[in-house]
Every structure is written in structure tokens, then in C-alpha cells.
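Shown next: start-v3.txt, containing compact mmCIF, C-alpha atoms and all ligand atoms.
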# COMPACT_ATOMS: atom_id res chain seq x y z
CA MET A 24 22.35 -10.08 2.81
CA ARG A 25 22.73 -11.03 -0.81
CA ARG A 26 26.17 -11.49 -2.32
CA ARG A 27 27.10 -8.65 -4.61
CA HIS A 28 29.49 -9.04 -7.49
CA ARG A 29 29.70 -6.39 -10.14
CA THR A 30 30.45 -7.73 -13.56
CA ASN A 31 31.45 -6.42 -16.97
CA GLU A 32 28.27 -8.01 -18.27
CA PRO A 33 26.61 -4.61 -18.94
CA ALA A 34 29.21 -3.85 -21.64
CA ARG A 35 29.00 -7.33 -23.16
CA TRP A 36 25.22 -7.16 -23.10
CA ALA A 37 25.12 -3.68 -24.68
CA LEU A 38 27.26 -4.88 -27.62
CA PHE A 39 25.07 -7.99 -27.81
CA GLY A 40 21.99 -5.75 -28.01
CA ALA A 41 23.58 -3.57 -30.68
CA GLY A 42 24.54 -6.66 -32.70
CA GLY A 43 21.00 -8.00 -32.36
CA GLU A 44 19.54 -4.75 -33.70
CA LEU A 45 21.92 -4.84 -36.64
CA ALA A 46 21.20 -8.52 -37.29
CA ALA A 47 17.48 -7.77 -37.36
CA VAL A 48 17.59 -4.54 -39.38
CA VAL A 49 20.81 -4.22 -41.38
CA LEU A 50 21.62 -7.83 -42.17
CA PRO A 51 18.40 -8.58 -44.11
CA ALA A 52 18.94 -5.40 -46.15
CA LEU A 53 22.54 -6.40 -46.88
CA ILE A 54 21.51 -9.92 -47.86
CA ILE A 55 18.66 -8.78 -50.09
CA GLY A 56 20.72 -5.97 -51.62
CA LEU A 57 24.18 -7.43 -51.96
CA GLY A 58 23.30 -11.11 -51.97
CA ILE A 59 20.21 -11.29 -54.15
CA THR A 60 19.17 -8.23 -56.16
CA LEU A 61 22.63 -7.07 -57.31
CA PRO A 62 24.01 -10.49 -58.31
CA LEU A 63 20.79 -11.21 -60.20
CA GLY A 64 21.18 -7.92 -62.03
CA VAL A 65 17.79 -6.64 -60.89
CA LEU A 66 18.90 -3.02 -60.60
CA SER A 67 21.75 -2.87 -63.08
CA SER A 68 24.13 -5.24 -64.78
CA ALA A 69 25.66 -7.57 -62.22
CA ASP A 70 29.21 -7.14 -63.56
CA ARG A 71 29.15 -3.38 -63.42
CA SER A 72 27.57 -3.17 -59.99
CA TYR A 73 30.08 -5.70 -58.60
CA ALA A 74 33.05 -3.67 -59.78
CA GLY A 75 31.59 -0.46 -58.42
CA LEU A 76 30.66 -1.98 -55.09
CA ALA A 77 33.98 -3.75 -54.67
CA ALA A 78 35.76 -0.44 -55.14
CA VAL A 79 33.58 1.20 -52.49
CA ALA A 80 33.63 -1.69 -50.02
CA THR A 81 37.40 -2.05 -50.05
CA HIS A 82 37.98 1.60 -49.19
CA PRO A 83 39.60 1.37 -45.71
CA LEU A 84 36.92 3.45 -43.97
CA VAL A 85 33.95 1.71 -45.61
CA ALA A 86 35.59 -1.65 -44.96
CA ALA A 87 36.05 -0.66 -41.32
CA GLY A 88 32.36 0.20 -41.07
CA LEU A 89 31.29 -3.07 -42.70
CA CYS A 90 33.64 -5.08 -40.49
CA ALA A 91 32.30 -3.27 -37.42
CA ILE A 92 28.69 -4.04 -38.38
CA LEU A 93 29.41 -7.69 -39.15
CA GLY A 94 31.69 -7.87 -36.09
CA LEU A 95 28.88 -6.70 -33.81
CA ILE A 96 26.57 -9.31 -35.32
CA LEU A 97 29.26 -11.91 -34.70
CA TRP A 98 29.56 -10.61 -31.12
CA HIS A 99 25.81 -11.11 -30.77
CA CYS A 100 26.15 -14.74 -31.87
CA CYS A 101 29.15 -15.37 -29.61
CA HIS A 102 27.41 -13.84 -26.57
CA ARG A 103 24.36 -16.01 -27.19
CA ALA A 104 26.52 -19.09 -27.69
CA PHE A 105 28.42 -18.38 -24.47
CA HIS A 106 25.18 -18.02 -22.52
CA PHE A 107 23.91 -21.20 -24.10
CA LEU A 108 26.72 -22.99 -22.23
CA HIS A 109 25.16 -21.60 -19.04
CA ASP A 110 21.75 -22.85 -20.14
CA LEU A 111 23.32 -26.30 -20.54
CA GLN A 112 24.54 -25.94 -16.95
CA LEU A 113 28.16 -25.92 -18.08
CA HIS A 114 30.43 -23.59 -16.16
CA PRO A 115 33.51 -23.30 -18.36
CA PRO A 116 36.72 -21.65 -17.11
CA ARG A 117 37.26 -17.95 -17.87
CA LEU A 118 39.57 -18.90 -20.71
CA VAL A 119 36.57 -20.11 -22.70
CA MET A 120 34.88 -16.75 -22.21
CA TRP A 121 37.98 -14.96 -23.48
CA ALA A 122 38.16 -17.30 -26.45
CA VAL A 123 34.49 -16.86 -27.40
CA TYR A 124 34.43 -13.08 -27.12
CA GLY A 125 37.99 -12.82 -28.49
CA PHE A 126 36.83 -14.66 -31.62
CA ALA A 127 34.24 -11.92 -32.17
CA VAL A 128 36.96 -9.26 -31.93
CA VAL A 129 39.75 -10.96 -33.88
CA VAL A 130 37.73 -12.12 -36.89
CA PRO A 131 36.43 -8.68 -38.00
CA LEU A 132 39.84 -7.13 -37.30
CA ALA A 133 41.56 -9.78 -39.40
CA ALA A 134 38.98 -9.32 -42.15
CA TRP A 135 39.67 -5.60 -42.23
CA VAL A 136 43.43 -6.16 -42.39
CA LEU A 137 42.96 -8.64 -45.25
CA ILE A 138 40.78 -6.18 -47.16
CA VAL A 139 43.11 -3.21 -46.89
CA THR A 140 46.37 -5.07 -47.52
CA MET B 9 -40.12 -2.01 0.62
CA SER B 10 -38.85 -4.68 -1.71
CA ALA B 11 -35.58 -6.36 -0.76
CA CYS B 12 -32.61 -6.25 -3.11
CA THR B 13 -32.63 -9.43 -5.13
CA GLY B 14 -28.83 -9.27 -5.36
CA CYS B 15 -26.43 -10.93 -7.65
CA ALA B 16 -27.02 -14.37 -6.19
CA ASP B 17 -30.41 -14.58 -7.86
CA ARG B 18 -28.89 -13.99 -11.26
CA THR B 19 -26.00 -16.43 -10.91
CA PRO B 20 -26.95 -19.78 -12.44
CA PRO B 21 -26.73 -22.60 -9.93
CA PRO B 22 -23.52 -24.61 -10.28
CA THR B 23 -23.98 -27.65 -12.44
CA ASN B 24 -22.60 -30.92 -11.14
CA LEU B 25 -20.24 -32.32 -13.77
CA GLY B 26 -19.27 -35.57 -12.08
CA LYS B 27 -15.98 -36.64 -10.54
CA ALA B 28 -12.44 -35.67 -11.41
CA THR B 29 -9.27 -37.48 -10.46
CA LEU B 30 -6.51 -35.37 -8.95
CA ARG B 31 -2.95 -36.67 -8.48
CA VAL B 32 -1.65 -34.57 -5.64
CA PHE B 33 2.00 -34.32 -4.65
CA ARG B 34 2.69 -35.16 -1.02
CA TYR B 35 5.80 -34.57 1.06
CA ARG B 36 6.69 -34.81 4.70
CA PRO B 37 9.90 -33.21 5.99
CA GLY B 38 12.30 -35.69 7.49
CA GLY B 39 10.42 -38.60 5.99
CA LEU B 40 12.12 -41.57 4.44
CA VAL B 41 10.76 -40.84 0.96
CA ASN B 42 11.33 -37.79 -1.18
CA GLY B 43 7.69 -37.21 -1.94
CA TRP B 44 4.96 -39.19 -3.62
CA HIS B 45 1.60 -38.64 -5.33
CA ASP B 46 -1.78 -39.48 -3.82
CA THR B 47 -4.80 -39.89 -6.06
CA PHE B 48 -8.16 -38.45 -5.00
CA GLU B 49 -11.60 -38.55 -6.61
CA VAL B 50 -13.28 -35.20 -6.28
CA PRO B 51 -16.83 -34.15 -7.21
CA TYR B 52 -16.80 -30.97 -9.25
CA GLY B 53 -19.14 -28.56 -10.94
CA THR B 54 -18.95 -25.68 -13.35
CA ASN B 55 -17.45 -23.35 -10.77
CA THR B 56 -15.17 -25.70 -8.80
CA SER B 57 -11.65 -24.29 -8.71
CA VAL B 58 -8.58 -26.35 -7.91
CA ILE B 59 -8.50 -24.67 -4.49
CA ASP B 60 -12.12 -25.73 -3.89
CA ALA B 61 -11.15 -29.28 -4.86
CA LEU B 62 -8.15 -29.32 -2.52
CA GLN B 63 -10.31 -27.94 0.29
CA TRP B 64 -12.88 -30.67 -0.39
CA ILE B 65 -10.12 -33.30 -0.16
CA LYS B 66 -8.94 -31.78 3.13
CA GLU B 67 -12.48 -31.78 4.59
CA HIS B 68 -13.63 -35.18 3.31
CA LEU B 69 -10.67 -37.41 2.50
CA ASP B 70 -7.41 -36.32 4.10
CA PRO B 71 -7.24 -33.59 6.76
CA THR B 72 -3.44 -33.66 6.66
CA LEU B 73 -3.20 -32.23 3.13
CA ALA B 74 -1.26 -28.95 3.26
CA PHE B 75 -1.66 -26.10 0.75
CA ARG B 76 -1.77 -22.31 0.82
CA ALA B 77 -4.74 -20.15 -0.15
CA SER B 78 -6.42 -17.07 1.16
CA CYS B 79 -8.40 -14.69 -1.03
CA ARG B 80 -9.70 -17.23 -3.61
CA MET B 81 -9.94 -14.42 -6.13
CA GLY B 82 -6.50 -13.97 -7.66
CA ILE B 83 -5.40 -11.18 -5.38
CA CYS B 84 -3.32 -12.51 -2.49
CA GLY B 85 -0.92 -14.57 -4.61
CA SER B 86 -0.67 -17.42 -2.12
CA CYS B 87 -2.13 -20.29 -4.18
CA GLY B 88 0.45 -20.69 -6.96
CA LEU B 89 0.87 -24.37 -7.90
CA MET B 90 2.11 -26.48 -10.79
CA ILE B 91 -1.14 -27.63 -12.36
CA GLU B 92 -0.54 -30.19 -15.10
CA GLY B 93 3.06 -29.03 -15.17
CA ARG B 94 2.29 -25.34 -15.64
CA PRO B 95 2.55 -22.66 -12.95
CA ARG B 96 -0.97 -21.33 -12.32
CA LEU B 97 -3.11 -19.78 -9.61
CA ALA B 98 -5.16 -22.64 -8.14
CA CYS B 99 -8.06 -20.32 -7.32
CA GLU B 100 -8.30 -19.14 -10.93
CA THR B 101 -8.01 -22.61 -12.47
CA PHE B 102 -11.25 -24.52 -12.83
CA VAL B 103 -11.30 -28.30 -12.52
CA ARG B 104 -13.56 -28.53 -15.57
CA THR B 105 -10.74 -27.11 -17.73
CA LEU B 106 -8.31 -29.87 -16.73
CA GLY B 107 -7.80 -33.34 -18.17
CA SER B 108 -9.55 -36.38 -16.72
CA GLN B 109 -6.59 -36.96 -14.42
CA ALA B 110 -4.82 -33.76 -13.40
CA THR B 111 -1.53 -33.60 -11.54
CA ILE B 112 -1.17 -30.93 -8.86
CA GLU B 113 2.32 -30.18 -7.55
CA PRO B 114 4.11 -27.47 -5.58
CA LEU B 115 5.67 -24.54 -7.45
CA ALA B 116 8.83 -25.55 -9.28
CA ASN B 117 12.20 -24.01 -8.36
CA PHE B 118 11.35 -23.69 -4.66
CA ALA B 119 12.12 -26.00 -1.76
CA VAL B 120 9.05 -27.89 -0.58
CA GLU B 121 8.13 -27.56 3.09
CA ARG B 122 5.16 -29.91 3.15
CA ASP B 123 2.85 -31.27 0.42
CA LEU B 124 2.02 -28.27 -1.78
CA VAL B 125 3.59 -25.64 0.46
CA VAL B 126 6.93 -24.17 -0.65
CA ASP B 127 9.52 -22.09 1.18
CA LYS B 128 9.09 -18.50 0.00
CA GLN B 129 11.93 -17.12 2.10
CA PRO B 130 14.51 -16.87 -0.72
CA PHE B 131 12.06 -14.70 -2.65
CA LEU B 132 11.23 -12.57 0.38
CA ASP B 133 14.96 -11.94 0.88
CA ALA B 134 15.33 -11.02 -2.81
CA LEU B 135 12.34 -8.71 -2.61
CA ARG B 136 13.60 -6.95 0.47
CA SER B 137 17.05 -6.47 -1.07
CA VAL B 138 15.62 -4.19 -3.80
CA ARG B 139 14.05 -1.78 -1.26
CA PRO B 140 10.42 -2.30 -2.25
CA TRP B 141 9.24 1.06 -0.95
CA VAL B 142 9.35 4.72 -2.00
CA VAL B 143 12.74 6.06 -0.93
CA GLY B 144 12.43 9.72 0.03
CA ASP B 145 14.82 12.45 -1.12
CA ASP B 146 15.92 13.03 2.48
CA GLY B 147 16.85 9.36 2.67
CA THR B 148 15.06 8.97 6.00
CA ARG B 149 12.56 6.53 4.61
CA ALA B 150 15.35 4.58 3.04
CA ALA B 151 15.64 2.06 5.82
CA GLU B 152 18.29 -0.57 5.31
CA PRO B 153 16.92 -4.05 4.72
CA GLY B 154 16.03 -5.57 8.05
CA GLN B 155 15.70 -2.23 9.83
CA PRO B 156 12.39 -0.53 10.48
CA ALA B 157 11.80 2.47 8.23
CA GLU B 158 12.06 5.83 9.92
CA PRO B 159 8.94 7.93 9.77
CA ALA B 160 8.89 10.33 6.85
CA GLN B 161 10.09 13.84 7.66
CA SER B 162 7.86 15.41 5.08
CA VAL B 163 4.14 15.55 5.63
CA GLU B 164 3.48 16.66 2.07
CA PRO B 165 1.48 14.10 0.11
CA GLY B 166 3.41 12.78 -2.87
CA ARG B 167 1.15 13.92 -5.68
CA GLN B 168 1.34 12.35 -9.11
CA THR B 169 -0.19 12.99 -12.50
CA PRO B 170 -1.90 10.13 -14.36
CA PRO B 171 1.03 9.82 -16.85
CA GLN B 172 3.45 9.54 -13.91
CA LEU B 173 1.27 6.81 -12.43
CA MET B 174 1.10 4.97 -15.74
CA LYS B 175 4.88 4.70 -15.87
CA TYR B 176 4.91 2.12 -13.10
CA GLN B 177 1.31 0.98 -12.73
CA ASP B 178 1.73 -2.29 -14.65
CA PHE B 179 4.68 -3.34 -12.49
CA ALA B 180 2.70 -2.43 -9.37
CA GLN B 181 0.13 -5.13 -10.17
CA CYS B 182 2.45 -7.90 -8.96
CA ILE B 183 0.84 -10.09 -6.28
CA ASN B 184 4.05 -12.03 -5.44
CA CYS B 185 2.47 -15.28 -6.53
CA LEU B 186 5.88 -16.54 -7.76
CA LEU B 187 4.48 -18.21 -10.88
CA CYS B 188 7.19 -16.35 -12.79
CA TYR B 189 9.95 -17.98 -10.72
CA ALA B 190 8.41 -21.41 -11.26
CA ALA B 191 8.39 -20.78 -15.03
CA CYS B 192 11.92 -19.37 -15.23
CA PRO B 193 14.62 -21.87 -16.25
CA GLN B 194 17.33 -19.56 -14.88
CA ALA B 195 15.63 -19.47 -11.46
CA GLY B 196 16.02 -23.26 -11.49
CA PHE B 197 19.72 -23.16 -12.41
CA GLU B 198 20.78 -20.28 -10.19
CA ARG B 199 19.33 -20.47 -6.74
CA GLY B 200 20.59 -16.97 -5.83
CA PHE B 201 19.03 -15.30 -8.90
CA LEU B 202 17.15 -12.13 -7.96
CA GLY B 203 14.51 -13.17 -10.48
CA PRO B 204 11.54 -11.71 -12.32
CA ALA B 205 9.11 -10.44 -9.66
CA ALA B 206 11.79 -8.83 -7.46
CA THR B 207 13.18 -7.02 -10.51
CA ALA B 208 9.71 -5.94 -11.62
CA THR B 209 9.16 -4.52 -8.15
CA ALA B 210 12.54 -2.75 -8.25
CA MET B 211 11.52 -1.17 -11.56
CA ARG B 212 8.09 -0.31 -10.14
CA TYR B 213 9.81 1.93 -7.57
CA ASN B 214 12.57 3.14 -9.92
CA ARG B 215 9.90 4.45 -12.28
CA ASP B 216 7.93 6.16 -9.51
CA SER B 217 8.34 9.94 -9.71
CA ARG B 218 8.43 10.20 -5.89
CA ASP B 219 11.28 7.74 -5.48
CA HIS B 220 15.00 8.43 -5.02
CA GLY B 221 16.27 4.89 -4.52
CA ALA B 222 17.28 3.88 -8.07
CA GLY B 223 21.02 4.19 -7.36
CA LYS B 224 20.87 1.88 -4.35
CA ARG B 225 18.69 -0.61 -6.24
CA LEU B 226 21.11 -0.71 -9.14
CA GLU B 227 23.80 -1.98 -6.74
CA VAL B 228 21.62 -5.07 -6.26
CA LEU B 229 20.33 -5.38 -9.83
CA ASP B 230 23.67 -4.95 -11.62
CA THR B 231 25.39 -8.02 -10.16
CA ASP B 232 25.99 -11.52 -11.39
CA GLU B 233 23.12 -12.70 -9.20
CA GLY B 234 20.90 -9.73 -10.02
CA ILE B 235 19.58 -9.26 -13.54
CA TRP B 236 22.42 -10.86 -15.48
CA PRO B 237 21.49 -14.55 -15.15
CA CYS B 238 18.42 -13.63 -17.25
CA THR B 239 18.79 -14.64 -20.90
CA PHE B 240 15.38 -13.25 -21.89
CA VAL B 241 13.56 -16.56 -22.17
CA GLY B 242 10.33 -14.65 -21.47
CA ALA B 243 8.48 -17.50 -19.75
CA CYS B 244 7.90 -15.29 -16.68
CA SER B 245 5.78 -12.84 -18.64
CA GLN B 246 3.82 -15.62 -20.30
CA VAL B 247 2.63 -17.16 -17.03
CA CYS B 248 2.06 -13.94 -15.05
CA PRO B 249 -1.63 -13.80 -14.11
CA LYS B 250 -1.50 -10.03 -13.67
CA GLY B 251 0.11 -8.96 -16.95
CA VAL B 252 3.12 -7.55 -15.13
CA ASP B 253 5.67 -8.42 -17.87
CA PRO B 254 8.65 -8.95 -15.58
CA ALA B 255 10.81 -9.89 -18.58
CA ALA B 256 10.42 -6.33 -19.85
CA ALA B 257 11.34 -5.01 -16.39
CA ILE B 258 14.57 -7.02 -16.47
CA GLN B 259 15.44 -5.70 -19.94
CA MET B 260 14.83 -2.14 -18.73
CA ALA B 261 17.11 -2.77 -15.77
CA LYS B 262 19.80 -4.14 -18.12
CA LEU B 263 19.58 -0.97 -20.20
CA ILE B 264 19.98 1.18 -17.09
CA ALA B 265 22.96 -0.91 -15.96
CA ALA B 266 24.58 -0.64 -19.39
CA GLY B 267 24.04 3.12 -19.33
CA ARG B 268 25.65 3.39 -15.93
CA TRP B 269 28.56 1.24 -17.08
CA ALA B 270 29.14 3.57 -20.05
CA LYS B 271 28.90 6.62 -17.76
CA ASP B 272 31.43 5.09 -15.35
CA MET B 273 33.77 4.40 -18.26
CA VAL B 274 33.61 8.01 -19.39
CA SER B 275 34.01 9.52 -15.94
CA HIS B 276 36.68 7.10 -14.63
CA GLY B 277 38.48 6.43 -17.89
S1 LIG C 1 5.39 -10.81 -11.74
FE1 LIG C 1 3.41 -11.83 -12.16
S2 LIG C 1 3.90 -14.04 -11.99
FE2 LIG C 1 5.58 -12.93 -10.99
S3 LIG C 1 5.01 -12.83 -8.82
FE3 LIG C 1 4.26 -10.94 -9.77
S4 LIG C 1 2.13 -11.38 -10.36
FE4 LIG C 1 3.12 -13.37 -9.96
S1 LIG C 2 -6.09 -17.72 -3.11
FE1 LIG C 2 -5.40 -15.63 -3.34
S2 LIG C 2 -4.57 -15.64 -5.35
FE2 LIG C 2 -5.43 -17.62 -5.20
Let me see the file written as C-alpha cells.
Amino acid sequence: MRRRHRTNEPARWALFGAGGELAAVVLPALIIGLGITLPLGVLSSADRSYAGLAAVATHPLVAAGLCAILGLILWHCCHRAFHFLHDLQLHPPRLVMWAVYGFAVVVPLAAWVLIVT
Amino acid sequence: MSACTGCADRTPPPTNLGKATLRVFRYRPGGLVNGWHDTFEVPYGTNTSVIDALQWIKEHLDPTLAFRASCRMGICGSCGLMIEGRPRLACETFVRTLGSQATIEPLANFAVERDLVVDKQPFLDALRSVRPWVVGDDGTRAAEPGQPAEPAQSVEPGRQTPPQLMKYQDFAQCINCLLCYAACPQAGFERGFLGPAATATAMRYNRDSRDHGAGKRLEVLDTDEGIWPCTFVGACSQVCPKGVDPAAAIQMAKLIAAGRWAKDMVSHG
């Protein structure tokens, strides 16, 4: 009979999948929109659009949404990095797992706190 | 009455293409060495498969050479070998397509029993653990692994529509050749990994409209030796000779497991 251990991997994997979707769909749009077209003043003057966008993006709810999206993408990267350790045949203690996934939780939270304070 | 001329008349006679050199892995259990390669010169033609070449070696050069083969037509799944480092069916690989000196080895990620013969038992255990049969709604057909299945109570045939058949037909093409395990890096790292073909077979039955065993199968799939060692490398689907796409089956199983996890969270808080 095979050994059977249930894990919390389904939850970690689901967030990883969500982050991957966002990284593939939302991130390019954000980069093209906020990182290239607006700063270059393609759509309107760069100064005006920056002020307007900064006002919107620092609203606590919008900031929370942005931090959640970027946080999920960070979770995706952390999950992949953690599994890369497995691919390298490293079996780190659980503390490393907590640190890697914790990083993906703490960074977006801290970013949100910094934005709203 | 004229006799049927048959296909044989239309098949061009095999052309002799000369001699090929095969480096064949050898191993004897309990021997002092861990395996070695023997080199054989083999005559080959347009339609000489690697299995034909191995059989020729066995009949003409070394009767002790051990390998598995049966159908010689890509159906039984017994002839999987590492051919020039890639997992392939030896009966579907022609010598003429190989380099001037081709290396033939047993399937990677399995223990070798003798020469080119590997121990398939770990896979057979994995396969059995996912209940590779249609589990009836009365549960009577749902024999525990290792126990004989009880005869079905119902005599009704389990009818299906073509769309219902299509839901699992691709996964049902698996011939248990184990090329996918030989290609999978995770199968090499984690000896207990349920692996691609067993998961594809689990999904074949989960997606069958007549089946009621998905819950029991999930108990095996959703474990740290079930689907979760998979990091979606995808090599399994690339080498599968039957187009089964076991990597997709594993991703489907992950989605089901994640859904069940979310459901458990909601219902148990
Ligand atoms: S999934 Fe494909 S490669 Fe794997 S055992 Fe089945 S037929 Fe062979
Ligand atoms: S001998 Fe049957 S699949 Fe090759």
C-alpha cells in the first residue's frame, strides 16, 4: 500500500496558478501601459497622467488590489523558486518553506502599508 | 478463381542497407560489475526495427541477451528502451534512423533486472492504487487493491454517447509502456512518485460517465507522493507514443485537488 500524506500543496499551487495567469495576462498590460506608453506620453502628457494615476493608485482600495495582483505574481515566483530547490535535490527544512512563502505575503502587505501611510 | 494477391505483393522488398553497430547495455544481477556495454554488428535493411536487431543478436551472436517485446506494433507497451538516450518504443524505432553507432539501454528511472529488462513492479503498484477500473455506483465493483473485484450487481450495459466517450478517450490510449516515467526528472528524484501514466489512467476513469470512484482516487492523487511532485516539466507528454498527454492529466488532477481543498476550507472552516 502506498504511503498517503495529505499536504497543503493544493492551496499553494492554486495561488501559484493564479499568479501565473496574472503574470501572463495582467503584467504585460501593466508594463506596456504604466511602464512604457504613459511615461513616453503616448496617450497624454506624461506629467498629467502621472499625477492622475498616482492619485488613483494610492487610494487604499486600489492600492490593495494592485498589491494583491503583484503579491500573487510574487507568490508564483516564490513557489517556483521553492520547487526549484527540489529539482536541485535539496531538501531544506520547513523553515525555508515558511521564509519563501512568507516573503510573498509580507512584501505586498508592507508595500500596501507604505502606500497608505 | 483468382487468388487474392494480398498486401505482400505490393510491399517493396526490404532493401539491405549494410551493417549497424549497436552498443547494448548488459547487466547480471549479483554480478561483480554494475553493468557494461557490449558492441554488436547487425545487418539491417529499410524495415529493421531495434527489436528486430536485438532479436537478430539473440539468435546469431548472444543467446543470453535479455529484452522484452511482444506485439512488435506499438500496442503492448513492453519494448520501451532508452535508444540514444531517449525513451522510445524499440519496435517503432528503425535502425536506419539511428546514428552509425547507437546506444541501447534499459528505461531510465527503473531498477534493472537483467540487461534491458527493468522491474515494472513499482509502476504496477502505482497503477493499482488508483483503481484502474470503472467503479460502480453500488460500490460492489470497487474492489480494494489486491482483492478480486466482486461481480457487478447491475446487468445493464453502461451506455455512453460519443461526447461522453471523447472526454476520456485520449487518456484511455495508454499502453503502459513507461516511456513517460523514463523521461520524467521527478520520477528519477522521487522513487515513490505516482507518476504520469498512473495519473493519466486515474483521470481516464474519473472522466468516465459510468464511474463513481473519483473520491477514492483523489485520496491517492492528492498526496505528497501523488500528483504534487510534478512541476509540469512536460517531458512525459513529449515522449508518449500514443499522444496521451499525461502532463495535462496531472494538471487536471491538481485542479480537482485544489477545488476539493477550497471546498473543505469552506465546509470545515
Ligand atoms: S502515458 Fe504514454 S508514455 Fe506513458 S505509459 Fe502511457 S502510452 Fe506510455
Ligand atoms: S513490442 Fe509491443 S509495443 Fe513494442
Non-local contacts of range 124-140 of chain A (6 Å; only C-alpha atoms; under 5 positions in same chain excluded) as a ChimeraX atom specification
/A:83,90,94,97-98
Give the residues close to ligand LIG 2 (chain C), within 10 Å, counting all atoms listed in the file; write them as a PDB file with C-alpha atoms, keeping the file's coordinate frame.
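File produced: result15.pdb:
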ATOM      1  CA  SER B  57     -11.650 -24.290  -8.710  1.00  0.00           C
ATOM      2  CA  VAL B  58      -8.580 -26.350  -7.910  1.00  0.00           C
ATOM      3  CA  ILE B  59      -8.500 -24.670  -4.490  1.00  0.00           C
ATOM      4  CA  ARG B  76      -1.770 -22.310   0.820  1.00  0.00           C
ATOM      5  CA  ALA B  77      -4.740 -20.150  -0.150  1.00  0.00           C
ATOM      6  CA  SER B  78      -6.420 -17.070   1.160  1.00  0.00           C
ATOM      7  CA  CYS B  79      -8.400 -14.690  -1.030  1.00  0.00           C
ATOM      8  CA  ARG B  80      -9.700 -17.230  -3.610  1.00  0.00           C
ATOM      9  CA  MET B  81      -9.940 -14.420  -6.130  1.00  0.00           C
ATOM     10  CA  GLY B  82      -6.500 -13.970  -7.660  1.00  0.00           C
ATOM     11  CA  ILE B  83      -5.400 -11.180  -5.380  1.00  0.00           C
ATOM     12  CA  CYS B  84      -3.320 -12.510  -2.490  1.00  0.00           C
ATOM     13  CA  GLY B  85      -0.920 -14.570  -4.610  1.00  0.00           C
ATOM     14  CA  SER B  86      -0.670 -17.420  -2.120  1.00  0.00           C
ATOM     15  CA  CYS B  87      -2.130 -20.290  -4.180  1.00  0.00           C
ATOM     16  CA  GLY B  88       0.450 -20.690  -6.960  1.00  0.00           C
ATOM     17  CA  LEU B  89       0.870 -24.370  -7.900  1.00  0.00           C
ATOM     18  CA  ARG B  96      -0.970 -21.330 -12.320  1.00  0.00           C
ATOM     19  CA  LEU B  97      -3.110 -19.780  -9.610  1.00  0.00           C
ATOM     20  CA  ALA B  98      -5.160 -22.640  -8.140  1.00  0.00           C
ATOM     21  CA  CYS B  99      -8.060 -20.320  -7.320  1.00  0.00           C
ATOM     22  CA  GLU B 100      -8.300 -19.140 -10.930  1.00  0.00           C
ATOM     23  CA  THR B 101      -8.010 -22.610 -12.470  1.00  0.00           C
ATOM     24  CA  ILE B 183       0.840 -10.090  -6.280  1.00  0.00           C
ATOM     25  CA  ASN B 184       4.050 -12.030  -5.440  1.00  0.00           C
ATOM     26  CA  CYS B 185       2.470 -15.280  -6.530  1.00  0.00           C
ATOM     27  CA  PRO B 249      -1.630 -13.800 -14.110  1.00  0.00           C
TER      28      PRO B 249
END
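Every chain B residue lying within 7 Å of chain A, based on only C-alpha atoms, is listed here: Val228, Asp230, Thr231, Asp232, Lys262, Ala265, Ala266 and Trp269 of chain B.
Nearest to ligand LIG 1 (chain C) of all the residues B:Leu40, B:Ala191, B:Leu263, B:Ala222 is B:Ala191, counting all atoms listed in the file.
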Can I get the residues of chain B within 9 Å of ligand LIG 1 (chain C), each with the closest pair of atoms and their distance in Å to one decimal, using only C-alpha atoms and all ligand atoms, sorted chain first then ascending number, as a tab-separated table?
residue	atom	partner	partner_atom	distance
B:Gly85	CA	C:LIG1	FE4	6.8
B:Gly88	CA	C:LIG1	FE4	8.3
B:Pro95	CA	C:LIG1	S2	8.8
B:Arg96	CA	C:LIG1	S2	8.8
B:Leu97	CA	C:LIG1	FE4	8.9
B:Phe179	CA	C:LIG1	S1	7.5
B:Ala180	CA	C:LIG1	FE3	8.7
B:Gln181	CA	C:LIG1	S4	6.6
B:Cys182	CA	C:LIG1	FE3	3.6
B:Ile183	CA	C:LIG1	S4	4.5
B:Asn184	CA	C:LIG1	S3	3.6
B:Cys185	CA	C:LIG1	FE4	4.0
B:Leu186	CA	C:LIG1	S3	4.0
B:Leu187	CA	C:LIG1	S2	4.4
B:Cys188	CA	C:LIG1	S2	4.1
B:Tyr189	CA	C:LIG1	FE2	6.7
B:Ala190	CA	C:LIG1	S2	8.7
B:Ala191	CA	C:LIG1	S2	8.7
B:Gly203	CA	C:LIG1	FE2	8.9
B:Pro204	CA	C:LIG1	FE2	6.2
B:Ala205	CA	C:LIG1	S1	4.3
B:Ala206	CA	C:LIG1	S1	7.9
B:Thr207	CA	C:LIG1	S1	8.7
B:Ala208	CA	C:LIG1	S1	6.5
B:Thr209	CA	C:LIG1	S1	8.2
B:Cys244	CA	C:LIG1	S2	6.3
B:Ser245	CA	C:LIG1	FE1	7.0
B:Gln246	CA	C:LIG1	S2	8.5
B:Val247	CA	C:LIG1	S2	6.1
B:Cys248	CA	C:LIG1	S2	3.6
B:Pro249	CA	C:LIG1	FE1	5.8
B:Lys250	CA	C:LIG1	S4	5.1
B:Gly251	CA	C:LIG1	FE1	6.5
B:Val252	CA	C:LIG1	FE1	5.2
B:Asp253	CA	C:LIG1	S1	6.6
B:Pro254	CA	C:LIG1	S1	5.4
B:Ala255	CA	C:LIG1	S1	8.8
CA of Tyr176 in chain B to CA of Arg215 in chain B measures 5.6 Å
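Using only C-alpha atoms, the shortest contact distance between Ala119 in chain B and any of B:Thr56, B:Ser137, B:Asn42, B:Gln168 is found at B:Asn42.
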Please identify all polymer residues within 12 Å of Gly223 in chain B, counting all atoms listed in the file, omitting same-chain residues fewer than 2 positions from it, and present them as a ChimeraX atom specification.
/B:138-139,143,150,210-211,213-214,219-221,225-230,261,264-265,268
Protein, DNA and RNA residues within 12 Å of (21.8, -24.1, -9.9), only C-alpha atoms, as a VMD selection string
(chain A and resid 109 to 114) or (chain B and resid 117 to 118 193 to 201 233 237)
Within 12 Å of Gly53 in chain B using all atoms listed in the file, minus same-chain residues under 5 positions, as an MDAnalysis selection string
chainID B and resid 20:28 58 60:61 102:105
For Val49 in chain A, please output as an mmCIF file with C-alpha atoms, in the frame of the given file all residues within 10 Å (counting all atoms listed in the file; exclusion window: fewer than 5 positions along the same chain).
data_model
loop_
_atom_site.group_PDB
_atom_site.id
_atom_site.type_symbol
_atom_site.label_atom_id
_atom_site.label_comp_id
_atom_site.auth_asym_id
_atom_site.auth_seq_id
_atom_site.Cartn_x
_atom_site.Cartn_y
_atom_site.Cartn_z
ATOM 1 C CA GLY A 42 24.540 -6.660 -32.700
ATOM 2 C CA GLY A 43 21.000 -8.000 -32.360
ATOM 3 C CA GLU A 44 19.540 -4.750 -33.700
ATOM 4 C CA ILE A 54 21.510 -9.920 -47.860
ATOM 5 C CA ILE A 92 28.690 -4.040 -38.380
ATOM 6 C CA LEU A 93 29.410 -7.690 -39.150
ATOM 7 C CA ILE A 96 26.570 -9.310 -35.320
#
Excluding range 107-110 of chain B and any residue of its chain fewer than 3 positions from it, enumerate the residues within 7 Å of it, using all atoms listed in the file, and give them as a PyMOL selection string.
chain B and resi 28-31+92
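Our summary of the geometry notes that CA of His99 in chain A is positioned 14.7 Å from CA of Trp121 in chain A.
The smallest atom-to-atom distance between Asp178 in chain B and any of B:Pro71, B:Leu202, B:Arg212, B:Arg136, using all atoms listed in the file, is found for B:Arg212.
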